[in-house]
Amino acid sequence: DKAVMPENIYGSSKLMAEQLTTQFNAISYPRGMRCSVIRYGNVWRSHGSVMDRWEACATQGRNLPITDMDMTRFLLTLPHAYAYIETVLALMEGGEIFVPTRLSVLRLRDLGKAIIATYATVPCQLELMGLRPGGEKLHERMLSDDEPKRMHCTRNFLVIQPSHRTWTDEPYPSIGNLQPDFRYESQSGPFMSLEQLTHLLKEERPEA
């Protein structure tokens with residue numbers, strides 16, 4: 001998601017990785033490896049995520065730092081990420097960018113409250129610290145302003161087609177196109193509830 005209209009070096013490097021991967025097909029055709037991209041949100045419990053820091057704070061009875069109470073993020077679990085990748089491997093022709101249509105969305109404040117309810121040993125709370133300098137996004141986008149104009153919809157994915165389809169000229173399997181002004185943003189929800197997030201956390205702690 002950070003590759004979409006990036007605001008810092010981190011996001012720009014992801015955008016460059018997308019472009020290099022999709023354009024590789026122009027070099028590998030006709031006998032080489034086909035490459036496509038799948039673009040999704042934050043993976044639950046991914047290494048270095050805010051969850052690890054917040055869990056440590058709650059366990060130690062310290063307040064959880066949060067940059068903005070209205071911040072939202074896309075979310076998927078690791079099994080969902082695996083399933084999306086396996087599906088794309090079966091669908092891809094080469095050069096596309098696949099965007100799942102059924103990503104979960106959460107408010108960071110709800111995740112923080114769920115972590116406090118699950119891990120806190122003494123009273124603690126969310127502590128507002130403000131957006132970090134350097135391009136931290138309040139909300140996330142899965143599509144740029146231009147991409148809906150060159151996308152098709154499948155059952156579970158939005159598919160951004162390459163400008164040059166090197167591997168085939170056959171019509172792309174599709175169930176329709178998007179409106180040119182379509183936006184796919186985390187602030188649009190629908191949001192996971194506090195109860196759903198707490199349940200996910202407690203599933204990781206069967207002893208609790």
# chains A, B, ... in the order shown; residues from 1 in each chain; ligands from 1
call {"tool": "select_by_dssp", "arguments": {"residues": "range 42-82 of chain A", "states": "alpha helix (DSSP H)", "output": "mmCIF file with C-alpha atoms, in the first residue's frame"}}
result
data_model
loop_
_atom_site.group_PDB
_atom_site.id
_atom_site.type_symbol
_atom_site.label_atom_id
_atom_site.label_comp_id
_atom_site.auth_asym_id
_atom_site.auth_seq_id
_atom_site.Cartn_x
_atom_site.Cartn_y
_atom_site.Cartn_z
ATOM 1 C CA VAL A 50 3.461 -1.368 16.103
ATOM 2 C CA MET A 51 1.780 -4.367 17.712
ATOM 3 C CA ASP A 52 5.081 -5.598 19.169
ATOM 4 C CA ARG A 53 5.875 -2.203 20.677
ATOM 5 C CA TRP A 54 2.374 -1.726 22.053
ATOM 6 C CA GLU A 55 2.279 -5.202 23.542
ATOM 7 C CA ALA A 56 5.562 -4.506 25.338
ATOM 8 C CA CYS A 57 4.210 -1.200 26.664
ATOM 9 C CA ALA A 58 0.971 -2.761 27.902
ATOM 10 C CA THR A 59 2.780 -5.666 29.549
ATOM 11 C CA LEU A 78 -0.587 -14.132 7.343
ATOM 12 C CA PRO A 79 -2.801 -17.037 6.142
ATOM 13 C CA HIS A 80 -4.802 -14.557 4.058
ATOM 14 C CA ALA A 81 -1.581 -13.189 2.572
ATOM 15 C CA TYR A 82 -0.482 -16.714 1.617
#
call {"tool": "residues_around", "arguments": {"residues": "Gly95 in chain A", "least_positions_apart": "3", "cutoff": "10 Å", "atoms": "only C-alpha atoms", "output": "list in words"}}
result
Glu18, Gln19, Leu20, Thr21, Thr22, Gln23, Phe24, Asn25, Ala26, Arg34, Cys35, Ser36, Val37, Met92, Phe98, Ile160, Gln161, Pro162, Ser163, His164, Arg165, Thr166 and Trp167 of chain A
call {"tool": "residues_around", "arguments": {"residues": "Val43 in chain A", "least_positions_apart": "5", "cutoff": "7 Å", "atoms": "only C-alpha atoms", "output": "PyMOL selection string"}}
result
chain A and resi 75-78
call {"tool": "write_last_selection", "arguments": {"atoms": "C-alpha atoms", "output": "mmCIF file, in the first residue's frame"}}
result
data_model
loop_
_atom_site.group_PDB
_atom_site.id
_atom_site.type_symbol
_atom_site.label_atom_id
_atom_site.label_comp_id
_atom_site.auth_asym_id
_atom_site.auth_seq_id
_atom_site.Cartn_x
_atom_site.Cartn_y
_atom_site.Cartn_z
ATOM 1 C CA LEU A 75 -5.004 -5.314 7.618
ATOM 2 C CA LEU A 76 -4.763 -8.986 6.700
ATOM 3 C CA THR A 77 -3.550 -12.068 8.497
ATOM 4 C CA LEU A 78 -0.587 -14.132 7.343
#
call {"tool": "closest_residue", "arguments": {"among": "A:Gly11, A:Pro30, A:Gly94, A:Pro123", "to": "Leu64 in chain A", "atoms": "only C-alpha atoms"}}
result
A:Pro123
call {"tool": "atom_distance", "arguments": {"atom1": "CA of Gln196 in chain A", "atom2": "CA of Arg107 in chain A"}}
result
12.0 Å
call {"tool": "residues_around", "arguments": {"residues": "Met129 in chain A", "least_positions_apart": "4", "cutoff": "10 Å", "atoms": "only C-alpha atoms", "output": "list in words"}}
result
Leu64, Pro65, Ile66, Thr67, Asp68 and Met69 of chain A
call {"tool": "write_last_selection", "arguments": {"atoms": "C-alpha atoms", "output": "short mmCIF file (atom, residue, chain, number, x, y, z; two decimals), in the first residue's frame"}}
result
data_model
loop_
_atom_site.label_atom_id
_atom_site.label_comp_id
_atom_site.auth_asym_id
_atom_site.auth_seq_id
_atom_site.Cartn_x
_atom_site.Cartn_y
_atom_site.Cartn_z
CA LEU A 64 0.89 3.24 24.31
CA PRO A 65 2.16 6.06 22.02
CA ILE A 66 -0.14 6.79 19.08
CA THR A 67 0.42 9.42 16.41
CA ASP A 68 -3.23 10.22 15.66
CA MET A 69 -6.48 8.90 17.14
#
call {"tool": "select_by_dssp", "arguments": {"residues": "range 54-154 of chain A", "states": "strand (DSSP E)", "output": "mmCIF file with N, CA and C atoms, in the first residue's frame"}}
result
data_model
loop_
_atom_site.group_PDB
_atom_site.id
_atom_site.type_symbol
_atom_site.label_atom_id
_atom_site.label_comp_id
_atom_site.auth_asym_id
_atom_site.auth_seq_id
_atom_site.Cartn_x
_atom_site.Cartn_y
_atom_site.Cartn_z
ATOM 1 N N LEU A 64 0.609 3.613 25.692
ATOM 2 C CA LEU A 64 0.888 3.243 24.312
ATOM 3 C C LEU A 64 0.950 4.516 23.458
ATOM 4 N N PRO A 65 2.085 4.854 22.857
ATOM 5 C CA PRO A 65 2.164 6.058 22.023
ATOM 6 C C PRO A 65 1.422 5.863 20.712
ATOM 7 N N ILE A 66 0.598 6.846 20.339
ATOM 8 C CA ILE A 66 -0.141 6.795 19.081
ATOM 9 C C ILE A 66 -0.027 8.154 18.413
ATOM 10 N N THR A 72 -6.026 5.199 10.322
ATOM 11 C CA THR A 72 -6.597 3.924 9.884
ATOM 12 C C THR A 72 -5.578 3.170 9.029
ATOM 13 N N ARG A 73 -5.740 1.846 8.995
ATOM 14 C CA ARG A 73 -4.838 0.999 8.213
ATOM 15 C C ARG A 73 -5.596 -0.208 7.661
ATOM 16 N N PHE A 74 -5.144 -0.675 6.486
ATOM 17 C CA PHE A 74 -5.603 -1.953 5.958
ATOM 18 C C PHE A 74 -4.891 -3.074 6.705
ATOM 19 N N LEU A 75 -5.564 -4.216 6.839
ATOM 20 C CA LEU A 75 -5.004 -5.314 7.618
ATOM 21 C C LEU A 75 -5.381 -6.650 6.995
ATOM 22 N N LEU A 76 -4.454 -7.600 7.036
ATOM 23 C CA LEU A 76 -4.763 -8.986 6.700
ATOM 24 C C LEU A 76 -3.866 -9.894 7.513
ATOM 25 N N ILE A 97 -0.588 -5.731 -11.634
ATOM 26 C CA ILE A 97 -0.589 -5.462 -10.197
ATOM 27 C C ILE A 97 -1.963 -5.868 -9.685
ATOM 28 N N PHE A 98 -1.991 -6.801 -8.735
ATOM 29 C CA PHE A 98 -3.241 -7.304 -8.169
ATOM 30 C C PHE A 98 -3.499 -6.640 -6.815
ATOM 31 N N VAL A 99 -4.735 -6.187 -6.619
ATOM 32 C CA VAL A 99 -5.132 -5.548 -5.365
ATOM 33 C C VAL A 99 -6.342 -6.289 -4.807
ATOM 34 N N PRO A 100 -6.232 -6.964 -3.665
ATOM 35 C CA PRO A 100 -7.392 -7.666 -3.091
ATOM 36 C C PRO A 100 -8.516 -6.685 -2.764
ATOM 37 N N SER A 104 -9.428 -6.204 5.349
ATOM 38 C CA SER A 104 -10.004 -5.634 6.560
ATOM 39 C C SER A 104 -9.401 -4.255 6.814
ATOM 40 N N VAL A 105 -10.140 -3.433 7.543
ATOM 41 C CA VAL A 105 -9.682 -2.086 7.873
ATOM 42 C C VAL A 105 -9.856 -1.871 9.378
ATOM 43 N N LEU A 106 -8.886 -1.233 9.998
ATOM 44 C CA LEU A 106 -8.994 -0.965 11.432
ATOM 45 C C LEU A 106 -8.612 0.470 11.746
ATOM 46 N N ARG A 107 -9.145 0.938 12.873
ATOM 47 C CA ARG A 107 -8.681 2.189 13.463
ATOM 48 C C ARG A 107 -7.563 1.839 14.441
ATOM 49 N N LEU A 126 -3.822 5.039 25.807
ATOM 50 C CA LEU A 126 -3.189 5.584 24.611
ATOM 51 C C LEU A 126 -2.703 6.997 24.901
ATOM 52 N N GLU A 127 -1.510 7.313 24.409
ATOM 53 C CA GLU A 127 -0.916 8.630 24.636
ATOM 54 C C GLU A 127 -0.596 9.270 23.291
ATOM 55 N N LEU A 128 -1.286 10.371 22.986
ATOM 56 C CA LEU A 128 -1.148 11.038 21.698
ATOM 57 C C LEU A 128 0.216 11.715 21.580
ATOM 58 N N MET A 151 -7.986 -0.454 -15.041
ATOM 59 C CA MET A 151 -8.158 -1.632 -14.201
ATOM 60 C C MET A 151 -9.351 -2.455 -14.644
ATOM 61 N N HIS A 152 -9.291 -3.745 -14.320
ATOM 62 C CA HIS A 152 -10.430 -4.638 -14.461
ATOM 63 C C HIS A 152 -10.728 -5.252 -13.108
ATOM 64 N N CYS A 153 -11.955 -5.694 -12.937
ATOM 65 C CA CYS A 153 -12.373 -6.339 -11.698
ATOM 66 C C CYS A 153 -12.540 -7.833 -11.930
#
call {"tool": "residues_around", "arguments": {"residues": "Glu195 in chain A", "least_positions_apart": "6", "cutoff": "12 Å", "atoms": "only C-alpha atoms", "output": "list in words"}}
result
Leu106, Asp110, Leu111, Lys113, Ala114, Ile115, Ala117, Thr118, Leu201 and Lys202 of chain A
call {"tool": "atom_distance", "arguments": {"atom1": "CA of Glu203 in chain A", "atom2": "CA of Glu86 in chain A"}}
result
25.0 Å
call {"tool": "atom_distance", "arguments": {"atom1": "CA of Pro6 in chain A", "atom2": "CA of Ile38 in chain A"}}
result
16.7 Å
call {"tool": "closest_residue", "arguments": {"among": "A:Asn63, A:Ser193, A:Gln125, A:Ser144", "to": "Pro180 in chain A", "atoms": "only C-alpha atoms"}}
result
A:Ser144
call {"tool": "closest_residue", "arguments": {"among": "A:Met71, A:Leu91, A:Ile85, A:Ala17", "to": "Arg155 in chain A", "atoms": "only C-alpha atoms"}}
result
A:Leu91
